$ cat start.csv   # CSV, C-alpha atoms
chain,number,residue,atom,x,y,z
Q,1,MET,CA,0.0,0.0,0.0
Q,2,VAL,CA,1.0,3.6,-0.4
Q,3,VAL,CA,2.2,5.0,2.9
Q,4,CYS,CA,0.7,8.5,3.7
Q,5,THR,CA,3.2,11.1,4.7
Q,6,LEU,CA,1.4,11.5,7.9
Q,7,LEU,CA,1.9,14.5,10.2
Q,8,VAL,CA,3.2,12.3,13.0
Q,9,PHE,CA,2.2,13.6,16.4
Q,10,THR,CA,4.7,12.8,19.2
Q,11,SER,CA,1.9,12.0,21.6
Q,12,LEU,CA,4.0,11.2,24.6
Q,13,SER,CA,6.0,14.4,24.5
Q,14,LEU,CA,3.1,16.8,25.1
Q,15,ALA,CA,3.7,17.3,28.8
Q,16,GLN,CA,1.4,14.4,29.7
Q,17,ASP,CA,2.4,12.7,32.9
Q,18,ALA,CA,3.9,9.4,32.0
Q,19,SER,CA,2.1,7.8,34.8
Q,20,THR,CA,-1.2,8.5,33.0
Q,21,VAL,CA,-0.1,6.8,29.8
Q,22,SER,CA,-1.1,3.2,29.5
Q,23,SER,CA,1.5,0.6,28.6
Q,24,SER,CA,-0.7,-0.3,25.6
Q,25,LEU,CA,-0.4,3.3,24.3
Q,26,GLN,CA,3.3,3.4,24.7
Q,27,GLU,CA,3.8,0.1,23.0
Q,28,ALA,CA,1.5,1.0,20.1
Q,29,GLU,CA,3.4,4.2,19.5
Q,30,HIS,CA,6.7,2.3,19.6
Q,31,LEU,CA,5.5,-0.2,17.1
Q,32,LEU,CA,4.1,2.5,14.7
Q,33,ASP,CA,7.4,4.4,14.9
Q,34,ASN,CA,9.1,1.1,13.8
Q,35,ASN,CA,6.7,0.5,10.9
Q,36,GLN,CA,4.8,-2.3,12.5
Q,37,PRO,CA,1.1,-1.1,12.2
Q,38,GLN,CA,-0.5,-4.6,12.2
Q,39,GLN,CA,1.0,-5.3,15.7
Q,40,ALA,CA,0.2,-1.7,16.8
Q,41,LEU,CA,-3.5,-1.8,15.9
Q,42,PRO,CA,-4.8,-4.1,18.6
Q,43,LEU,CA,-2.8,-2.2,21.2
Q,44,ALA,CA,-4.1,1.1,20.0
Q,45,LYS,CA,-7.7,-0.2,20.3
Q,46,LYS,CA,-6.9,-1.4,23.8
Q,47,ALA,CA,-5.5,2.0,24.7
Q,48,VAL,CA,-8.7,3.6,23.6
Q,49,GLU,CA,-10.7,1.2,25.7
Q,50,GLN,CA,-8.5,1.9,28.7
Q,51,GLN,CA,-8.5,5.6,28.3
Q,52,PRO,CA,-11.4,6.8,26.1
Q,53,GLY,CA,-10.7,10.4,27.2
Q,54,ASN,CA,-7.1,10.4,26.1
Q,55,PRO,CA,-6.7,12.3,22.8
Q,56,HIS,CA,-3.4,10.6,22.0
Q,57,ALA,CA,-5.0,7.1,22.2
Q,58,TRP,CA,-7.5,8.1,19.5
Q,59,PHE,CA,-4.8,9.8,17.4
Q,60,LEU,CA,-2.7,6.6,17.5
Q,61,LEU,CA,-5.7,4.4,16.7
Q,62,ALA,CA,-6.4,6.6,13.7
Q,63,ARG,CA,-2.7,6.4,12.6
Q,64,ALA,CA,-2.6,2.6,13.1
Q,65,SER,CA,-5.8,2.1,11.2
Q,66,TYR,CA,-4.5,4.3,8.3
Q,67,ASP,CA,-1.2,2.4,8.2
Q,68,THR,CA,-3.0,-0.9,8.0
Q,69,GLY,CA,-5.1,0.3,5.1
Q,70,ASP,CA,-8.4,0.6,7.1
Q,71,LEU,CA,-9.4,4.1,5.9
Q,72,ASP,CA,-12.8,3.9,7.3
Q,73,GLY,CA,-11.4,3.0,10.7
Q,74,ALA,CA,-8.8,5.8,10.4
Q,75,ILE,CA,-11.6,8.3,9.6
Q,76,ALA,CA,-13.8,7.2,12.5
Q,77,ALA,CA,-10.9,7.4,15.0
Q,78,GLY,CA,-9.6,10.6,13.4
Q,79,HIS,CA,-12.9,12.4,13.9
Q,80,LYS,CA,-12.9,11.4,17.5
Q,81,ALA,CA,-9.3,12.6,17.9
Q,82,SER,CA,-10.2,16.0,16.2
Q,83,GLU,CA,-12.5,16.7,19.2
Q,84,PHE,CA,-9.5,17.2,21.4
Q,85,ALA,CA,-7.5,20.5,21.1
Q,86,ALA,CA,-4.2,18.8,21.9
Q,87,VAL,CA,-4.2,16.8,18.6
Q,88,ARG,CA,-6.8,18.6,16.6
Q,89,ALA,CA,-4.6,20.1,13.8
Q,90,SER,CA,-2.7,16.9,13.2
Q,91,ALA,CA,-5.9,14.8,13.4
Q,92,PHE,CA,-7.7,16.9,10.8
Q,93,TYR,CA,-4.7,16.8,8.5
Q,94,ASN,CA,-4.5,13.1,8.6
Q,95,LEU,CA,-8.3,12.9,8.0
Q,96,ALA,CA,-7.7,14.9,4.8
Q,97,CYS,CA,-5.1,12.2,3.8
Q,98,ALA,CA,-7.6,9.4,4.5
Q,99,TYR,CA,-10.5,11.1,2.6
Q,100,ALA,CA,-8.2,12.0,-0.3
Q,101,ARG,CA,-7.1,8.3,-0.5
Q,102,LYS,CA,-10.8,7.3,-0.6
Q,103,GLY,CA,-11.5,9.8,-3.4
Q,104,ASP,CA,-13.8,11.9,-1.2
Q,105,LYS,CA,-12.6,15.4,-2.2
Q,106,ASP,CA,-15.3,17.4,-0.5
Q,107,ASP,CA,-14.6,15.8,2.9
Q,108,ALA,CA,-10.9,16.0,2.3
Q,109,PHE,CA,-11.1,19.8,1.8
Q,110,LYS,CA,-13.3,20.2,4.9
Q,111,ALA,CA,-10.7,18.4,6.9
Q,112,LEU,CA,-7.9,20.6,5.5
Q,113,LEU,CA,-10.0,23.6,6.5
Q,114,GLY,CA,-10.4,22.2,10.0
Q,115,ALA,CA,-6.6,21.6,10.2
Q,116,LYS,CA,-5.9,25.2,9.2
Q,117,ARG,CA,-8.4,26.6,11.7
Q,118,ALA,CA,-6.8,24.5,14.4
Q,119,GLY,CA,-3.4,26.0,13.6
Q,120,PHE,CA,-1.9,23.8,10.9
Q,121,ALA,CA,0.7,25.8,9.0
Q,122,ASP,CA,3.0,23.3,7.2
Q,123,ARG,CA,2.3,24.4,3.7
Q,124,ASN,CA,5.3,22.5,2.3
Q,125,LEU,CA,4.0,19.2,3.6
Q,126,MET,CA,0.6,19.9,2.2
Q,127,ALA,CA,2.1,20.8,-1.2
Q,128,ASN,CA,4.2,17.7,-1.4
Q,129,ASP,CA,2.3,14.9,0.4
Q,130,PRO,CA,1.7,12.1,-2.2
Q,131,ASP,CA,-1.6,11.2,-0.6
Q,132,LEU,CA,-3.1,14.6,-1.3
Q,133,ALA,CA,-2.1,14.3,-5.0
Q,134,SER,CA,-5.8,13.7,-6.0
Q,135,LEU,CA,-6.7,17.1,-4.7
Q,136,ARG,CA,-4.1,19.2,-6.4
Q,137,SER,CA,-5.9,19.6,-9.7
Q,138,ASP,CA,-8.9,21.1,-7.8
Q,139,PRO,CA,-9.1,24.9,-7.6
Q,140,ARG,CA,-9.7,24.6,-3.9
Q,141,PHE,CA,-6.2,23.4,-3.4
Q,142,GLN,CA,-4.3,26.1,-5.3
Q,143,LEU,CA,-1.3,27.4,-3.5
Q,144,PRO,CA,0.7,30.5,-4.2
Q,145,ILE,CA,3.9,30.2,-6.1
Q,146,GLU,CA,7.1,29.8,-4.1
Q,147,ARG,CA,7.4,32.4,-1.3
Q,148,ASN,CA,9.8,35.2,-2.0
Q,149,TYR,CA,12.2,36.4,0.8
Q,150,PHE,CA,13.9,39.8,0.8
Q,151,THR,CA,16.0,42.0,3.1
Q,152,MET,CA,16.0,45.7,2.7
Q,153,LYS,CA,18.3,48.3,4.2
Q,154,LEU,CA,16.5,51.0,6.1
Q,155,GLN,CA,17.6,54.6,6.2
Q,156,ASP,CA,18.9,54.2,9.8
Q,157,GLY,CA,21.1,51.4,8.6
Q,158,ALA,CA,19.1,48.5,10.1
Q,159,GLU,CA,18.0,45.6,8.0
Q,160,LEU,CA,14.3,44.7,7.6
Q,161,PRO,CA,13.3,41.3,6.3
Q,162,PHE,CA,10.1,40.8,4.4
Q,163,SER,CA,8.4,38.0,2.6
Q,164,VAL,CA,6.0,38.1,-0.3
Q,165,ASP,CA,3.3,35.6,-1.4
Q,166,LEU,CA,2.3,36.3,-5.0
Q,167,PRO,CA,-1.2,35.4,-6.2
Q,168,VAL,CA,-1.9,32.3,-8.2
Q,169,GLY,CA,-1.4,33.2,-11.9
Q,170,TYR,CA,0.6,36.4,-11.1
Q,171,GLU,CA,1.2,38.7,-14.0
Q,172,PRO,CA,3.8,41.5,-13.3
Q,173,ALA,CA,2.0,44.1,-15.4
Q,174,ARG,CA,-1.3,43.8,-13.5
Q,175,GLU,CA,-2.4,45.7,-10.5
Q,176,TYR,CA,-3.2,43.6,-7.4
Q,177,PRO,CA,-4.5,44.4,-3.9
Q,178,VAL,CA,-1.5,44.4,-1.6
Q,179,LEU,CA,-1.7,43.3,2.1
Q,180,ILE,CA,0.9,44.5,4.6
Q,181,ALA,CA,0.8,42.2,7.6
Q,182,PRO,CA,2.9,41.4,10.6
Q,183,GLY,CA,5.2,38.4,10.4
Q,184,PRO,CA,8.8,37.3,10.7
Q,185,GLY,CA,9.6,38.1,7.1
Q,186,GLN,CA,12.1,35.3,7.2
Q,187,LYS,CA,11.9,31.6,6.3
Q,188,VAL,CA,10.3,29.6,9.1
Q,189,GLU,CA,10.6,25.8,8.5
Q,190,GLY,CA,7.2,24.2,8.1
Q,191,ASN,CA,5.3,27.4,8.0
Q,192,TRP,CA,4.1,29.0,4.8
Q,193,GLY,CA,2.6,32.3,5.7
Q,194,GLY,CA,0.4,33.6,8.5
Q,195,LEU,CA,-2.5,31.5,9.6
Q,196,PHE,CA,-4.8,34.4,8.8
Q,197,TRP,CA,-3.7,34.8,5.2
Q,198,GLY,CA,-1.0,32.8,3.4
Q,199,GLU,CA,-2.4,30.9,0.5
Q,200,ASP,CA,-5.9,32.1,1.3
Q,201,THR,CA,-5.3,35.6,0.1
Q,202,SER,CA,-3.2,34.4,-2.8
Q,203,GLN,CA,-6.1,32.2,-4.1
Q,204,ARG,CA,-8.2,35.4,-4.2
Q,205,GLY,CA,-5.7,37.4,-6.2
Q,206,TRP,CA,-3.8,39.3,-3.5
Q,207,ILE,CA,-0.2,40.0,-2.9
Q,208,SER,CA,0.6,39.4,0.8
Q,209,VAL,CA,3.7,41.0,2.4
Q,210,GLU,CA,4.8,39.9,5.9
Q,211,SER,CA,7.3,41.9,7.9
Q,212,PRO,CA,8.2,42.9,11.5
Q,213,ALA,CA,8.1,46.6,10.4
Q,214,PHE,CA,5.3,47.4,12.9
Q,215,LEU,CA,7.5,46.2,15.8
Q,216,THR,CA,10.7,48.0,14.9
Q,217,ASN,CA,12.0,51.0,16.9
Q,218,ASP,CA,10.6,53.3,14.4
Q,219,PRO,CA,7.5,51.6,12.8
Q,220,ILE,CA,6.4,54.7,10.9
Q,221,ALA,CA,9.7,55.1,9.0
Q,222,ALA,CA,10.2,51.3,8.6
Q,223,THR,CA,6.7,50.7,7.2
Q,224,SER,CA,6.9,53.8,4.9
Q,225,GLN,CA,10.1,52.5,3.4
Q,226,LEU,CA,8.7,49.0,3.2
Q,227,MET,CA,5.7,50.3,1.2
Q,228,ASP,CA,8.1,52.2,-1.1
Q,229,GLU,CA,10.0,49.0,-1.7
Q,230,VAL,CA,6.9,47.0,-2.4
Q,231,ALA,CA,5.5,49.6,-4.7
Q,232,ARG,CA,8.8,49.5,-6.6
Q,233,ARG,CA,8.5,45.8,-7.1
Q,234,TYR,CA,4.8,45.3,-7.6
Q,235,GLN,CA,1.7,47.1,-8.9
Q,236,ALA,CA,-0.5,48.0,-5.9
Q,237,GLU,CA,-4.1,48.4,-6.8
Q,238,GLY,CA,-5.0,52.1,-6.8
Q,239,GLY,CA,-1.5,52.9,-5.4
Q,240,LYS,CA,-2.8,52.0,-1.9
Q,241,PHE,CA,-2.2,49.3,0.6
Q,242,HIS,CA,-4.3,47.2,2.9
Q,243,ILE,CA,-3.0,46.8,6.5
Q,244,ALA,CA,-3.7,43.9,8.8
Q,245,CYS,CA,-2.5,43.8,12.4
Q,246,TYR,CA,-3.1,42.0,15.7
Q,247,GLY,CA,-1.9,42.2,19.3
Q,248,PRO,CA,1.2,44.4,19.9
Q,249,SER,CA,1.4,45.3,16.2
Q,250,SER,CA,-2.0,47.0,16.2
Q,251,ASN,CA,-1.2,50.4,17.7
Q,252,PRO,CA,1.9,50.9,15.5
Q,253,ALA,CA,-0.3,49.9,12.5
Q,254,PHE,CA,-2.9,52.5,13.4
Q,255,VAL,CA,-0.2,55.1,13.9
Q,256,VAL,CA,1.2,54.3,10.4
Q,257,ALA,CA,-2.3,54.6,8.9
Q,258,MET,CA,-2.9,58.0,10.6
Q,259,THR,CA,0.5,59.2,9.4
Q,260,TYR,CA,0.0,58.1,5.8
Q,261,PRO,CA,-3.8,58.0,5.3
Q,262,LYS,CA,-3.5,58.6,1.5
Q,263,ARG,CA,-1.4,55.4,1.2
Q,264,VAL,CA,-3.8,53.1,3.1
Q,265,LYS,CA,-7.1,51.8,1.8
Q,266,SER,CA,-8.1,49.6,4.7
Q,267,LEU,CA,-6.9,48.6,8.2
Q,268,THR,CA,-8.1,45.3,9.8
Q,269,ALA,CA,-7.3,44.6,13.5
Q,270,ILE,CA,-7.7,41.0,14.7
Q,271,PRO,CA,-7.9,42.1,17.4
Q,272,GLY,CA,-6.4,45.5,18.0
Q,273,PHE,CA,-7.1,49.2,18.5
Q,274,PRO,CA,-5.4,52.6,18.5
Q,275,VAL,CA,-4.0,53.7,21.9
Q,276,THR,CA,-4.7,57.4,21.3
Q,277,ASP,CA,-8.2,58.9,22.0
Q,278,LYS,CA,-7.3,62.3,20.5
Q,279,PRO,CA,-10.0,63.3,18.0
Q,280,GLU,CA,-7.6,65.3,15.9
Q,281,GLU,CA,-5.5,62.1,15.4
Q,282,LEU,CA,-8.3,59.7,14.9
Q,283,LYS,CA,-9.9,61.9,12.3
Q,284,LYS,CA,-6.9,61.2,10.1
Q,285,LEU,CA,-8.4,57.7,9.5
Q,286,ARG,CA,-11.3,59.2,7.5
Q,287,GLY,CA,-11.2,57.7,4.1
Q,288,ILE,CA,-9.8,54.4,5.4
Q,289,ARG,CA,-12.1,51.4,6.0
Q,290,VAL,CA,-11.3,50.3,9.6
Q,291,SER,CA,-12.4,46.8,10.6
Q,292,PHE,CA,-12.3,45.6,14.2
Q,293,ILE,CA,-12.6,41.8,14.7
Q,294,VAL,CA,-12.6,40.6,18.3
Q,295,GLY,CA,-13.6,37.5,20.2
Q,296,GLU,CA,-16.8,37.5,22.2
Q,297,LYS,CA,-14.9,36.1,25.2
Q,298,ASP,CA,-11.9,38.3,24.9
Q,299,THR,CA,-12.5,40.1,28.2
Q,300,ILE,CA,-9.4,42.2,28.0
Q,301,TRP,CA,-9.4,43.4,24.4
Q,302,ARG,CA,-13.1,43.5,23.6
Q,303,PRO,CA,-13.9,46.5,25.8
Q,304,GLU,CA,-11.1,48.5,24.3
Q,305,VAL,CA,-12.0,47.5,20.8
Q,306,GLU,CA,-15.7,48.5,21.3
Q,307,VAL,CA,-14.7,51.9,22.7
Q,308,ALA,CA,-12.3,52.5,19.8
Q,309,HIS,CA,-15.0,51.5,17.3
Q,310,SER,CA,-17.5,53.9,18.9
Q,311,ARG,CA,-15.0,56.8,18.9
Q,312,LEU,CA,-14.2,56.3,15.2
Q,313,SER,CA,-17.8,56.0,14.2
Q,314,ALA,CA,-18.6,59.2,16.1
Q,315,LEU,CA,-15.8,61.0,14.2
Q,316,GLY,CA,-17.1,59.9,10.8
Q,317,VAL,CA,-14.6,57.2,10.2
Q,318,ASP,CA,-15.8,54.2,8.2
Q,319,SER,CA,-15.6,51.7,11.1
Q,320,TYR,CA,-16.9,48.2,11.2
Q,321,LEU,CA,-17.0,45.9,14.3
Q,322,GLU,CA,-17.4,42.1,14.3
Q,323,VAL,CA,-17.6,40.2,17.5
Q,324,VAL,CA,-16.9,36.5,16.8
Q,325,PRO,CA,-19.3,34.4,18.9
Q,326,GLY,CA,-17.7,32.1,21.4
Q,327,ALA,CA,-14.1,33.1,20.5
Q,328,GLY,CA,-11.4,34.2,22.8
Q,329,HIS,CA,-8.3,36.2,22.1
Q,330,LEU,CA,-6.9,33.9,19.4
Q,331,LEU,CA,-9.4,34.2,16.6
Q,332,GLN,CA,-9.0,30.7,15.1
Q,333,ALA,CA,-12.4,31.2,13.5
Q,334,MET,CA,-10.6,33.5,11.1
Q,335,PHE,CA,-8.1,30.9,10.0
Q,336,GLY,CA,-8.6,29.0,6.7
Q,337,GLY,CA,-9.9,31.8,4.5
Q,338,GLU,CA,-12.5,33.6,6.7
Q,339,LEU,CA,-10.3,36.7,7.1
Q,340,ALA,CA,-9.3,36.5,3.4
Q,341,GLU,CA,-13.0,36.7,2.5
Q,342,ARG,CA,-13.5,39.8,4.6
Q,343,LEU,CA,-10.5,41.4,3.1
Q,344,GLN,CA,-11.9,40.7,-0.3
Q,345,LEU,CA,-15.0,42.8,0.6
Q,346,LEU,CA,-12.7,45.8,1.3
Q,347,ARG,CA,-11.6,46.2,-2.3
$ encode --input "start.csv" --output "C-alpha cells"
Amino acid sequence: MVVCTLLVFTSLSLAQDASTVSSSLQEAEHLLDNNQPQQALPLAKKAVEQQPGNPHAWFLLARASYDTGDLDGAIAAGHKASEFAAVRASAFYNLACAYARKGDKDDAFKALLGAKRAGFADRNLMANDPDLASLRSDPRFQLPIERNYFTMKLQDGAELPFSVDLPVGYEPAREYPVLIAPGPGQKVEGNWGGLFWGEDTSQRGWISVESPAFLTNDPIAATSQLMDEVARRYQAEGGKFHIACYGPSSNPAFVVAMTYPKRVKSLTAIPGFPVTDKPEELKKLRGIRVSFIVGEKDTIWRPEVEVAHSRLSALGVDSYLEVVPGAGHLLQAMFGGELAERLQLLR
C-alpha cells in the first residue's frame, strides 16, 4: 500500500504525565514508529478502551488504522481525535489524507480547512504529500507560487526582512490588492505564511507581504520604506495598501495609517485598537475602512475595541465591528480563509 506522509504527532511528548499513559499506548506508539502497524493496531484499540478520554490514544488508533489500510477506521478514530484540542490540527490533516485516499474530495477539503483553523501551517508538507495528490488539480487546493524572501536596508542602517506571497497566476504588469501584515519576514521551517492569510489571500488574487516593520524601533519610518520598496517591485491596486494587524502590532499599525492616510485603503485589526483617544489624530483615519474583529470572550481586548469603534464612528470614520461568537483572544475562526473573505470585501 502507499504510505501516507502523515503528520506524525509525538503523543507522549506533550507534557502528559507518563504515569497516566497506559503501557498499551506506549507500545502502540513504539510499534508504529518502527513501521509495525499490524502489531500496533490491537494495542491502540486497547489503549482507547482503557483511556477513552485520552486524545493521544484516539490519534494513535487513527494512525494505526490508516497504516494498515483501514481508511474507514482511520476516519472514525480521526474524527474522535479531532474533538481534542491537543491533537486537533494533526488529526484533521490526517483525516484529509484518508479522505483523499478514498477519493472523497469534499470531505478532504473540509478536513484541511479544519486543520488550518486548528493552527496547521506546514504548507510545504501539504504541497508535497503524495496522498493529497488527487486534490491538487482542484481549484480549492491552489497554493501561491514559491514564497519570496527579501531583506532591505532602512535609512537608519538597520536591515528589515520581508516575505512576499504572490497570487496564483501572477502577472507583473497587472495591479493587485496588496496586504501588509505582521510576520517574521524570514523563512520559518514548516510554516508558509500567516495563519490568517498565506495561500488564502493568494487564491483570491492578493499579494501578501509579511514583515516585522510594525514592531521596529521606528515603525512609521520602517513601514513607509517597506511600502516604497513593495511599490517599486509590484503594482499595488490604486496605489494604496491594505494593512492587517493584531496584538502588539496593532497600535503601530494605526499610527502608520494615521501618518500616511493617503497610502492606506483599509486597516483590519484581529484584534487591536489605536491607543490614542485624541479626535484630531483619529480623524486622520477618515477615508480608510477600519475593521475591528474581536472574540466575544476576549474580556481584556473586547472592551477597548468596542470603545475605539464607537469613537471612530462618532468621528465619521468608516468603522466596522465584528464580535466573533464564542471566540477568545486567538481568533481561530478567522483561519482558513475567513479573514481573506473579509479582506476581499474591502476592495
$ residues_around --input "start.csv" --residues "Glu322 (chain Q)" --least-positions-apart "4" --cutoff "7 Å" --atoms "all atoms listed in the file" --output "JSON, numbers by chain"
{"Q": [292, 293, 294]}
$ residues_around --input "start.csv" --residues "Ile180 (chain Q)" --least-positions-apart "5" --cutoff "9 Å" --atoms "all atoms listed in the file" --output "list in words"
Ile207, Ser208, Val209, Glu210, Ser211, Thr223, Met227, Phe241, His242, Ile243, Ala244 and Cys245 of chain Q
$ residues_around --input "start.csv" --residues "region 337-343 of chain Q" --least-positions-apart "2" --cutoff "8 Å" --atoms "all atoms listed in the file" --output "list in words"
Phe196, Trp197, Asp200, Thr201, Arg204, Ala333, Met334, Phe335, Leu345, Leu346 and Arg347 of chain Q
$ closest_residue --input "start.csv" --among "Q:Val255, Q:Ile270, Q:Ala40, Q:Ala158" --to "Thr68 (chain Q)" --atoms "only C-alpha atoms"
Q:Ala40
$ residues_around --input "start.csv" --residues "Arg263 (chain Q)" --least-positions-apart "5" --cutoff "8 Å" --atoms "all atoms listed in the file" --output "list in words"
Gly239, Lys240, Phe241 and Ala257 of chain Q
$ closest_residue --input "start.csv" --among "Q:Val305, Q:Ala253, Q:Ala118, Q:Val290" --to "Phe273 (chain Q)" --atoms "all atoms listed in the file"
Q:Val305
$ residues_around --input "start.csv" --residues "Arg289 (chain Q)" --least-positions-apart "4" --cutoff "10 Å" --atoms "all atoms listed in the file" --output "PyMOL selection string"
chain Q and resi 242+264-268+285+317-320+346-347
$ atom_distance --input "start.csv" --atom1 "CA of Ser90 (chain Q)" --atom2 "CA of Leu330 (chain Q)"
18.6 Å
$ closest_residue --input "start.csv" --among "Q:Ala115, Q:Asn124, Q:Leu226, Q:Ala308" --to "Leu160 (chain Q)" --atoms "all atoms listed in the file"
Q:Leu226
$ atom_distance --input "start.csv" --atom1 "CA of Asn94 (chain Q)" --atom2 "CA of Arg63 (chain Q)"
8.0 Å
$ closest_residue --input "start.csv" --among "Q:Leu135, Q:Ala222, Q:Ala89, Q:Leu179" --to "Asp122 (chain Q)" --atoms "only C-alpha atoms"
Q:Ala89
$ atom_distance --input "start.csv" --atom1 "CA of Glu29 (chain Q)" --atom2 "CA of Ala44 (chain Q)"
8.1 Å
